[in-house]
$ cat my_file-v6.cif   # mmCIF, C-alpha atoms
data_run
loop_
_atom_site.label_atom_id
_atom_site.label_comp_id
_atom_site.auth_asym_id
_atom_site.auth_seq_id
_atom_site.Cartn_x
_atom_site.Cartn_y
_atom_site.Cartn_z
CA MET A 190 -17.28 -33.73 4.89
CA ASP A 191 -20.18 -32.76 2.66
CA GLN A 192 -20.12 -29.63 0.59
CA ALA A 193 -23.01 -27.81 2.25
CA THR A 194 -21.58 -28.30 5.74
CA PHE A 195 -18.16 -27.10 4.66
CA ILE A 196 -19.49 -23.99 2.92
CA ALA A 197 -21.61 -23.11 5.96
CA GLU A 198 -18.61 -23.47 8.28
CA LEU A 199 -16.31 -21.57 5.94
CA ARG A 200 -18.84 -18.74 5.67
CA GLU A 201 -18.52 -18.19 9.42
CA ILE A 202 -14.72 -18.26 9.19
CA VAL A 203 -14.46 -15.67 6.39
CA LYS A 204 -17.23 -13.42 7.71
CA PRO A 205 -14.95 -11.08 9.72
CA TYR A 206 -12.64 -10.55 6.74
CA ALA A 207 -15.12 -10.33 3.85
CA LYS A 208 -15.70 -6.76 2.69
CA ASN A 209 -18.40 -7.80 0.25
CA GLN A 210 -21.23 -9.06 2.44
CA GLU A 211 -23.54 -9.62 -0.56
CA ALA A 212 -21.04 -12.02 -2.09
CA LEU A 213 -20.70 -13.68 1.32
CA ALA A 214 -24.46 -14.31 1.40
CA GLN A 215 -24.16 -16.02 -2.02
CA ILE A 216 -21.01 -17.99 -1.14
CA SER A 217 -20.54 -21.13 -3.26
CA LEU A 218 -17.75 -23.46 -4.36
CA SER A 219 -16.69 -21.02 -7.08
CA THR A 220 -16.46 -18.00 -4.74
CA ASP A 221 -13.02 -16.38 -4.87
CA PHE A 222 -11.79 -15.02 -1.52
CA ILE A 223 -10.09 -11.95 -2.98
CA ASN A 224 -11.99 -11.15 -6.19
CA ASP A 225 -15.50 -11.93 -4.90
CA LEU A 226 -15.42 -11.54 -1.11
CA LYS A 227 -12.85 -8.70 -1.30
CA ILE A 228 -10.80 -10.20 1.51
CA ASN A 229 -7.48 -8.35 1.59
CA SER A 230 -4.39 -10.36 0.83
CA ALA A 231 -2.96 -10.01 4.35
CA ASN A 232 -6.21 -11.35 5.83
CA LEU A 233 -6.07 -14.40 3.58
CA VAL A 234 -3.49 -15.76 5.99
CA ASP A 235 -6.04 -15.37 8.80
CA VAL A 236 -8.47 -17.48 6.79
CA VAL A 237 -5.76 -20.15 6.43
CA LEU A 238 -4.95 -20.00 10.18
CA ASP A 239 -8.65 -20.12 11.14
CA VAL A 240 -9.19 -23.14 8.88
CA GLU A 241 -6.18 -24.85 10.46
CA GLU A 242 -7.59 -24.23 13.93
CA LYS A 243 -11.16 -25.21 13.07
CA TYR A 244 -10.19 -28.57 11.53
CA ASP A 245 -7.04 -29.17 13.57
CA ILE A 246 -4.87 -29.51 10.47
CA VAL A 247 -1.62 -27.95 9.22
CA ILE A 248 -1.70 -26.35 5.78
CA GLN A 249 1.72 -26.31 4.11
CA ASN A 250 2.94 -23.30 2.15
CA GLU A 251 2.65 -25.21 -1.14
CA GLU A 252 -1.00 -25.94 -0.34
CA MET A 253 -1.69 -22.37 0.74
CA GLU A 254 -0.51 -21.13 -2.69
CA ARG A 255 -3.70 -22.36 -4.34
CA MET A 256 -6.11 -21.62 -1.49
CA LEU A 257 -7.74 -18.69 -3.26
CA ASN A 258 -11.30 -19.95 -3.48
CA VAL A 259 -13.85 -22.09 -1.64
CA GLN A 260 -13.33 -25.14 -3.85
CA ALA A 261 -9.57 -25.14 -3.25
CA ALA A 262 -10.09 -24.71 0.50
CA MET A 263 -12.52 -27.64 0.58
CA ASP A 264 -10.17 -29.87 -1.42
CA ILE A 265 -7.30 -29.11 0.96
CA VAL A 266 -9.37 -29.66 4.11
CA ASN A 267 -10.90 -32.91 2.84
CA ALA A 268 -7.49 -34.26 1.81
CA LYS A 269 -6.06 -33.38 5.25
CA LEU A 270 -8.99 -34.91 7.12
CA GLN A 271 -8.64 -38.14 5.15
CA GLU A 272 -4.96 -38.33 6.12
CA LYS A 273 -5.94 -38.39 9.79
CA MET B 119 7.87 -4.00 -15.24
CA ILE B 120 6.77 -1.84 -12.30
CA GLY B 121 4.44 -2.46 -9.40
CA ASN B 122 3.29 -0.60 -6.33
CA ASP B 123 1.48 -1.26 -3.09
CA ILE B 124 0.12 1.08 -0.46
CA ILE B 125 -0.83 0.28 3.13
CA ASP B 126 -2.88 2.39 5.51
CA LEU B 127 -1.15 1.59 8.80
CA HIS B 128 -4.15 2.56 10.93
CA LEU B 129 -6.41 0.22 8.97
CA ALA B 130 -3.80 -2.56 8.89
CA GLU B 131 -3.58 -2.39 12.68
CA LYS B 132 -7.35 -2.85 12.91
CA GLU B 133 -7.61 -5.54 10.22
CA SER B 134 -4.74 -7.80 11.25
CA ASN B 135 -3.33 -9.16 14.47
CA ILE B 136 0.33 -9.53 13.54
CA CYS B 137 1.07 -11.12 16.93
CA ARG B 138 -1.30 -13.98 16.18
CA ARG B 139 0.43 -17.36 16.33
CA GLY B 140 1.47 -18.44 12.84
CA PHE B 141 0.80 -15.08 11.18
CA LEU B 142 4.42 -14.08 10.66
CA ASP B 143 5.52 -17.65 9.88
CA LYS B 144 3.06 -17.98 7.01
CA LEU B 145 3.99 -14.64 5.44
CA PHE B 146 7.69 -14.19 6.18
CA LEU B 147 10.87 -16.23 5.96
CA PRO B 148 13.06 -16.60 9.07
CA ALA B 149 15.52 -13.93 7.83
CA GLU B 150 12.63 -11.52 7.25
CA GLN B 151 11.30 -12.23 10.74
CA ASP B 152 14.76 -11.33 12.07
CA ILE B 153 14.55 -7.97 10.25
CA ILE B 154 11.13 -7.38 11.82
CA ALA B 155 12.34 -8.30 15.31
CA ALA B 156 15.34 -5.98 15.02
CA ALA B 157 13.36 -3.03 13.64
CA ALA B 158 12.79 0.14 15.66
CA GLN B 159 9.10 -0.21 14.80
CA PRO B 160 8.42 -3.90 14.23
CA ALA B 161 4.76 -3.46 13.22
CA ALA B 162 5.66 -0.89 10.56
CA MET B 163 8.39 -3.23 9.30
CA VAL B 164 5.83 -6.05 8.94
CA TRP B 165 3.77 -3.87 6.63
CA LEU B 166 6.77 -2.50 4.80
CA LEU B 167 8.00 -6.00 3.94
CA TRP B 168 4.47 -7.08 3.06
CA SER B 169 4.08 -4.12 0.70
CA CYS B 170 7.35 -5.13 -1.02
CA LYS B 171 6.06 -8.64 -1.60
CA GLU B 172 2.75 -7.31 -2.88
CA ALA B 173 4.36 -4.75 -5.22
CA VAL B 174 6.54 -7.46 -6.81
CA TYR B 175 3.63 -9.92 -6.91
CA LYS B 176 1.75 -7.40 -9.03
CA ILE B 177 4.60 -7.33 -11.57
CA ILE B 178 4.84 -11.12 -11.67
CA HIS B 179 1.08 -11.51 -11.98
CA ARG B 180 0.89 -8.96 -14.80
CA HIS B 181 3.20 -11.13 -16.86
CA SER B 182 2.32 -14.66 -15.77
CA ARG B 183 -1.40 -14.01 -15.23
CA GLU B 184 -1.11 -16.81 -12.69
CA ARG B 185 -2.61 -16.20 -9.27
CA LEU B 186 -0.67 -17.78 -6.42
CA TYR B 187 -0.67 -16.97 -2.70
CA ALA B 188 2.98 -17.70 -2.09
CA PRO B 189 4.57 -15.04 0.11
CA HIS B 190 7.58 -17.27 0.79
CA HIS B 191 8.52 -17.05 -2.90
CA TYR B 192 9.33 -13.36 -2.37
CA VAL B 193 12.50 -12.85 -0.39
CA CYS B 194 13.01 -9.32 0.92
CA ALA B 195 16.35 -7.75 1.85
CA LEU B 196 16.94 -4.19 2.97
CA GLN B 197 19.70 -1.97 1.63
CA GLN B 198 19.15 1.55 2.92
CA VAL B 199 16.96 2.44 5.88
CA THR B 200 16.28 6.06 6.78
CA PRO B 201 13.32 7.45 8.75
CA THR B 202 11.56 8.39 5.49
CA ILE B 203 12.84 6.05 2.78
CA VAL B 204 13.69 2.36 2.75
CA THR B 205 15.27 0.66 -0.26
CA GLY B 206 16.16 -2.94 -0.96
CA THR B 207 15.55 -5.97 -3.10
CA VAL B 208 13.03 -8.76 -3.48
CA MET B 209 14.21 -12.04 -4.97
CA HIS B 210 11.52 -14.02 -6.76
CA HIS B 211 12.94 -17.34 -7.88
CA GLN B 212 16.10 -16.28 -9.75
CA GLN B 213 14.98 -12.74 -10.54
CA ARG B 214 16.00 -9.72 -8.48
CA TRP B 215 13.61 -6.76 -8.14
CA TYR B 216 14.38 -3.39 -6.61
CA PHE B 217 12.05 -1.50 -4.31
CA LYS B 218 11.71 1.87 -2.71
CA SER B 219 9.30 2.54 0.16
CA THR B 220 8.31 5.93 1.43
CA GLY B 221 6.29 6.86 4.47
CA MET B 222 3.69 9.61 4.29
CA GLY B 223 1.37 10.24 7.19
CA ALA B 224 0.18 6.85 8.35
CA CYS B 225 0.89 5.03 5.14
CA ILE B 226 3.67 3.04 3.54
CA HIS B 227 3.94 3.31 -0.23
CA THR B 228 6.26 0.89 -2.03
CA GLN B 229 7.25 0.84 -5.68
CA ALA B 230 9.16 -2.03 -7.30
CA ALA B 231 10.90 -2.32 -10.66
CA ALA B 232 13.21 -4.60 -12.62
CA SER B 233 16.22 -2.28 -12.31
CA LEU B 234 17.42 0.62 -10.20
CA LEU B 235 17.36 2.83 -13.29
CA LEU B 236 13.72 2.00 -13.97
CA LEU B 237 12.86 2.52 -10.31
CA GLU B 238 14.27 6.06 -10.54
CA GLN B 239 12.06 6.75 -13.56
CA VAL B 240 8.82 5.67 -11.90
CA GLN B 241 6.31 8.46 -11.53
CA VAL B 242 4.74 8.04 -8.14
CA PHE B 243 1.49 9.46 -6.88
CA THR B 244 0.55 9.01 -3.22
CA GLY B 245 -2.89 10.31 -2.29
CA TYR B 246 -4.83 10.71 0.91
CA TYR B 247 -8.59 10.32 1.08
CA LEU B 248 -9.22 11.37 -2.50
CA THR B 249 -11.20 9.40 -5.00
CA THR B 250 -10.83 5.80 -6.08
CA ASN B 251 -11.61 6.85 -9.65
CA TYR B 252 -8.06 6.81 -11.00
CA THR B 253 -9.05 8.64 -14.22
CA ASP B 254 -9.76 11.73 -12.08
CA LEU B 255 -6.15 11.66 -10.91
CA LEU B 256 -4.48 11.18 -14.30
CA PRO B 257 -4.58 14.37 -16.38
CA GLY B 258 -5.26 13.61 -20.06
CA ARG B 259 -5.40 9.87 -19.49
CA VAL B 260 -8.15 7.30 -18.99
CA PHE B 261 -7.73 4.44 -16.53
CA TYR B 262 -8.97 0.99 -17.53
CA LYS B 263 -8.45 -2.69 -16.82
CA ASP B 264 -8.22 -5.41 -19.45
CA ALA B 265 -10.31 -8.59 -19.38
CA ALA B 266 -7.89 -10.20 -16.92
CA GLY B 267 -8.11 -7.21 -14.56
CA ILE B 268 -4.66 -5.84 -15.44
CA PRO B 269 -4.57 -2.02 -15.20
CA PHE B 270 -3.54 0.36 -18.01
CA THR B 271 -3.94 4.02 -18.90
CA ARG B 272 -4.80 5.40 -22.34
CA ASN B 273 -3.93 8.85 -23.63
CA ARG B 274 -7.27 10.58 -24.15
CA TYR B 275 -6.10 12.22 -27.38
CA THR B 276 -3.60 9.87 -29.05
CA GLY B 277 -4.97 6.53 -27.79
CA GLU B 278 -1.48 5.45 -26.70
CA CYS B 279 -1.66 2.87 -23.89
CA ARG B 280 0.70 2.28 -20.99
CA PRO B 281 0.78 -0.19 -18.13
CA VAL B 282 0.11 1.33 -14.73
CA SER B 283 0.14 -0.04 -11.20
CA VAL B 284 -2.52 1.10 -8.77
CA SER B 285 -3.13 0.39 -5.11
CA HIS B 286 -5.78 1.42 -2.61
CA HIS B 287 -6.02 0.68 1.09
CA GLY B 288 -8.09 2.53 3.66
CA LYS B 289 -7.65 6.27 3.23
CA TYR B 290 -4.65 6.01 0.91
CA LEU B 291 -4.25 5.52 -2.79
CA GLY B 292 -1.09 4.94 -4.83
CA ILE B 293 -0.28 5.07 -8.53
CA ALA B 294 3.02 4.16 -10.18
CA SER B 295 3.64 4.62 -13.89
CA ILE B 296 6.51 5.19 -16.30
#
$ encode --input "my_file-v6.cif" --output "structure tokens"
Amino acid sequence: MDQATFIAELREIVKPYAKNQEALAQISLSTDFINDLKINSANLVDVVLDVEEKYDIVIQNEEMERMLNVQAAMDIVNAKLQEK
Amino acid sequence: MIGNDIIDLHLAEKESNICRRGFLDKLFLPAEQDIIAAAAQPAAMVWLLWSCKEAVYKIIHRHSRERLYAPHHYVCALQQVTPTIVTGTVMHHQQRWYFKSTGMGACIHTQAAASLLLLEQVQVFTGYYLTTNYTDLLPGRVFYKDAAGIPFTRNRYTGECRPVSVSHHGKYLGIASI
């Protein structure tokens, strides 16, 4: 999946949880879910679950550990989609 | 080696659907889910256990500076449960941490430390709807964060610095210091 498509889809996923809407408007590969978007740590699991549902994949705990920013999320999703 | 975490239960209820499929599995180990299921107030127990993991994560992060979203690495066990105070331990890899959680209004405030003795020495401040400017709440001290975002306080007169743990959620604010 190309970068622009993924970022656009991820923006919709994180929208309900992002407390910093300005950072959401500027979302890029380097955007950090907690530090930039101000998503609370309990809602980060909702982002993981939403991503799982959207792409019909299962994210293991070891993969979730690093899923703190857009780049990491894209790497995980792309790797999972290639496994299919 | 202290950490704290505060949770506004009203806000948590709005922000998270704890009944959502997969939610508890991703955050809690099977034994922790058993504690939640057996609790008189399961939703409050979810947030209590989560605050324990967060309080210990803050200690670990202060020292390792490594950010990891790994709730399964923090294994909670309860020791004493009363209507107002819950105590217990959190195992992180081979290290045991001790916690104490208190309820005040609609919030849960948890402090964690490396030993029971240290936990007893923690100065705890739990605030409701005050300011998020921590300096205003620390007489004679100035609150600051270092370049990595780790919080400290400095004595306004002597310049002496101490680590501090701060937490803010919804209408509640918590500070733990030695």
$ resolve_selection --input "my_file-v6.cif" --expression "the PyMOL selection byres ((chain A) within 9 of (chain B))" --output "MDAnalysis selection string"
chainID A and resid 206 230:235 238 249:251 253:257
$ residues_around --input "my_file-v6.cif" --residues "Ile125 of chain B" --least-positions-apart "2" --cutoff "10 Å" --atoms "all atoms listed in the file" --output "list in words"
Asp123, Leu127, His128, Leu129, Ala130, Ala162, Trp165, Leu166, Trp168, Ser169, Gly221, Ala224, Cys225, Ile226, His227, Thr228, Ser285, His286, His287, Gly288, Lys289, Tyr290, Leu291 and Gly292 of chain B
$ atom_distance --input "my_file-v6.cif" --atom1 "atom CA of Ile228 of chain A" --atom2 "atom CA of Leu213 of chain A"
10.5 Å
$ residues_around --input "my_file-v6.cif" --residues "Val164 of chain B" --least-positions-apart "6" --cutoff "10 Å" --atoms "all atoms listed in the file" --output "VMD selection string"
chain B and resid 136 142 145 to 146 150 to 151 153 to 155 157
$ residues_around --input "my_file-v6.cif" --residues "segment 215-224 of chain A" --least-positions-apart "2" --cutoff "10 Å" --atoms "all atoms listed in the file" --output "ChimeraX atom specification"
/A:192-193,195-197,199-200,203,206-213,226-230,232-233,236,256-263
$ axis_aligned_box --input "my_file-v6.cif" --around "segment 210-220 of chain A" --padding-each-side "4 Å" --output "AutoDock Vina command-line options"
--center_x -20.5 --center_y -16.3 --center_z -2.3 --size_x 16.0 --size_y 22.4 --size_z 17.5
$ atom_distance --input "my_file-v6.cif" --atom1 "atom CA of Leu237 of chain B" --atom2 "atom CA of Cys194 of chain B"
16.3 Å
$ atom_distance --input "my_file-v6.cif" --atom1 "atom CA of Ala161 of chain B" --atom2 "atom CA of Val240 of chain A"
24.5 Å
$ resolve_selection --input "my_file-v6.cif" --expression "the PyMOL selection byres ((chain B and resi 259-276) around 12)" --output "VMD selection string"
(chain A and resid 224) or (chain B and resid 120 to 122 176 to 185 250 to 258 277 to 285 293 to 296)
$ resolve_selection --input "my_file-v6.cif" --expression "the PyMOL selection byres ((chain B and resi 198) around 12)" --output "list of chain:residue names"
B:Ala195, B:Leu196, B:Gln197, B:Val199, B:Thr200, B:Pro201, B:Thr202, B:Ile203, B:Val204, B:Thr205, B:Gly206, B:Thr207, B:Tyr216, B:Phe217, B:Lys218, B:Ser219, B:Thr220
